[in-house]
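J.: Shown below is the structure under consideration.
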Amino acid sequence: MRRVTTFSISRLGGAVSLRSRTSKDAAMKAAGRAAPASLVAGAIEHALTSPRPKTRYLIGFDAKIRALLSAMLPDRLQDRLLTWAIKLPPRT
């Protein structure tokens, strides 16, 4: 069994910190491209009031693209494309 040292924990902490900071930046950029709240509210209203609501509601252009990609690509390739598209650093 490999021993975890303070050095390896600090290295891991730095990597996690960098990744979470980059993830936060990507989330902030994505928020600017998000679907308007009125579209989301309309979908929620439909889901709550419809006698037969949809199982999934795709709101916004990016959701429709993701659904199309998920029908055509394996999960790991989707993950790589998404990581590249939102400019996250690759896993090491």
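A note on labels: chains of the structure tokens are A, B, ... as shown, every chain counts residues from 1, and ligands are counted from 1 in their shown order.
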Mind checking DSSP for stretch 14-69 of chain A and telling me the alpha helix (DSSP H) residues as a ChimeraX atom specification?

T.: /A:14-32,37-49,61-69

J.: Can you spit out the residues from that selection as a PDB file, in the first residue's frame, using C-alpha atoms?

T.:
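Contents of out_14.pdb, freshly written:
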```pdb
ATOM      1  CA  GLY A  14      -2.884  22.299  -5.344  1.00  0.00           C
ATOM      2  CA  ALA A  15      -4.259  20.268  -8.245  1.00  0.00           C
ATOM      3  CA  VAL A  16      -7.737  20.199  -6.718  1.00  0.00           C
ATOM      4  CA  SER A  17      -7.541  23.925  -6.025  1.00  0.00           C
ATOM      5  CA  LEU A  18      -6.513  24.697  -9.629  1.00  0.00           C
ATOM      6  CA  ARG A  19      -9.219  22.430 -11.031  1.00  0.00           C
ATOM      7  CA  SER A  20     -11.955  23.867  -8.813  1.00  0.00           C
ATOM      8  CA  ARG A  21     -10.911  27.440  -9.618  1.00  0.00           C
ATOM      9  CA  THR A  22     -10.968  26.646 -13.344  1.00  0.00           C
ATOM     10  CA  SER A  23     -14.330  24.905 -12.933  1.00  0.00           C
ATOM     11  CA  LYS A  24     -15.716  27.985 -11.188  1.00  0.00           C
ATOM     12  CA  ASP A  25     -14.487  30.222 -14.032  1.00  0.00           C
ATOM     13  CA  ALA A  26     -16.079  27.894 -16.586  1.00  0.00           C
ATOM     14  CA  ALA A  27     -19.365  27.917 -14.653  1.00  0.00           C
ATOM     15  CA  MET A  28     -19.385  31.723 -14.557  1.00  0.00           C
ATOM     16  CA  LYS A  29     -18.857  31.879 -18.336  1.00  0.00           C
ATOM     17  CA  ALA A  30     -21.585  29.295 -18.900  1.00  0.00           C
ATOM     18  CA  ALA A  31     -23.993  31.308 -16.756  1.00  0.00           C
ATOM     19  CA  GLY A  32     -23.700  34.119 -19.281  1.00  0.00           C
ATOM     20  CA  ALA A  37     -35.239  32.285 -16.757  1.00  0.00           C
ATOM     21  CA  SER A  38     -38.592  32.636 -18.536  1.00  0.00           C
ATOM     22  CA  LEU A  39     -37.865  29.499 -20.613  1.00  0.00           C
ATOM     23  CA  VAL A  40     -36.911  27.557 -17.501  1.00  0.00           C
ATOM     24  CA  ALA A  41     -40.019  28.785 -15.659  1.00  0.00           C
ATOM     25  CA  GLY A  42     -42.201  27.796 -18.602  1.00  0.00           C
ATOM     26  CA  ALA A  43     -40.776  24.276 -18.621  1.00  0.00           C
ATOM     27  CA  ILE A  44     -41.274  23.948 -14.862  1.00  0.00           C
ATOM     28  CA  GLU A  45     -44.844  25.190 -15.159  1.00  0.00           C
ATOM     29  CA  HIS A  46     -45.526  22.678 -17.919  1.00  0.00           C
ATOM     30  CA  ALA A  47     -44.019  19.849 -15.873  1.00  0.00           C
ATOM     31  CA  LEU A  48     -46.145  20.728 -12.844  1.00  0.00           C
ATOM     32  CA  THR A  49     -49.451  21.343 -14.616  1.00  0.00           C
ATOM     33  CA  PHE A  61     -29.361  25.361 -27.386  1.00  0.00           C
ATOM     34  CA  ASP A  62     -26.532  23.749 -25.412  1.00  0.00           C
ATOM     35  CA  ALA A  63     -28.891  21.163 -23.878  1.00  0.00           C
ATOM     36  CA  LYS A  64     -30.114  20.172 -27.327  1.00  0.00           C
ATOM     37  CA  ILE A  65     -26.543  19.825 -28.585  1.00  0.00           C
ATOM     38  CA  ARG A  66     -25.627  17.667 -25.563  1.00  0.00           C
ATOM     39  CA  ALA A  67     -28.647  15.422 -26.192  1.00  0.00           C
ATOM     40  CA  LEU A  68     -27.636  15.012 -29.819  1.00  0.00           C
ATOM     41  CA  LEU A  69     -24.045  14.198 -28.871  1.00  0.00           C
TER      42      LEU A  69
END
```

J.: Between atom CA of A:Lys54 and atom CA of A:Ala85, what is the spacing in Å?

T.: 28.6 Å

J.: Please, what distance in Å, to one decimal, runs between atom CA of A:Gly60 and atom CA of A:Leu82?

T.: 16.3 Å

J.: Give me, please, the distance in Å between atom CA of A:Leu81 and atom CA of A:Ala35, quoted to one decimal.

T.: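 Distance reported for this atom pair: 21.0 Å.
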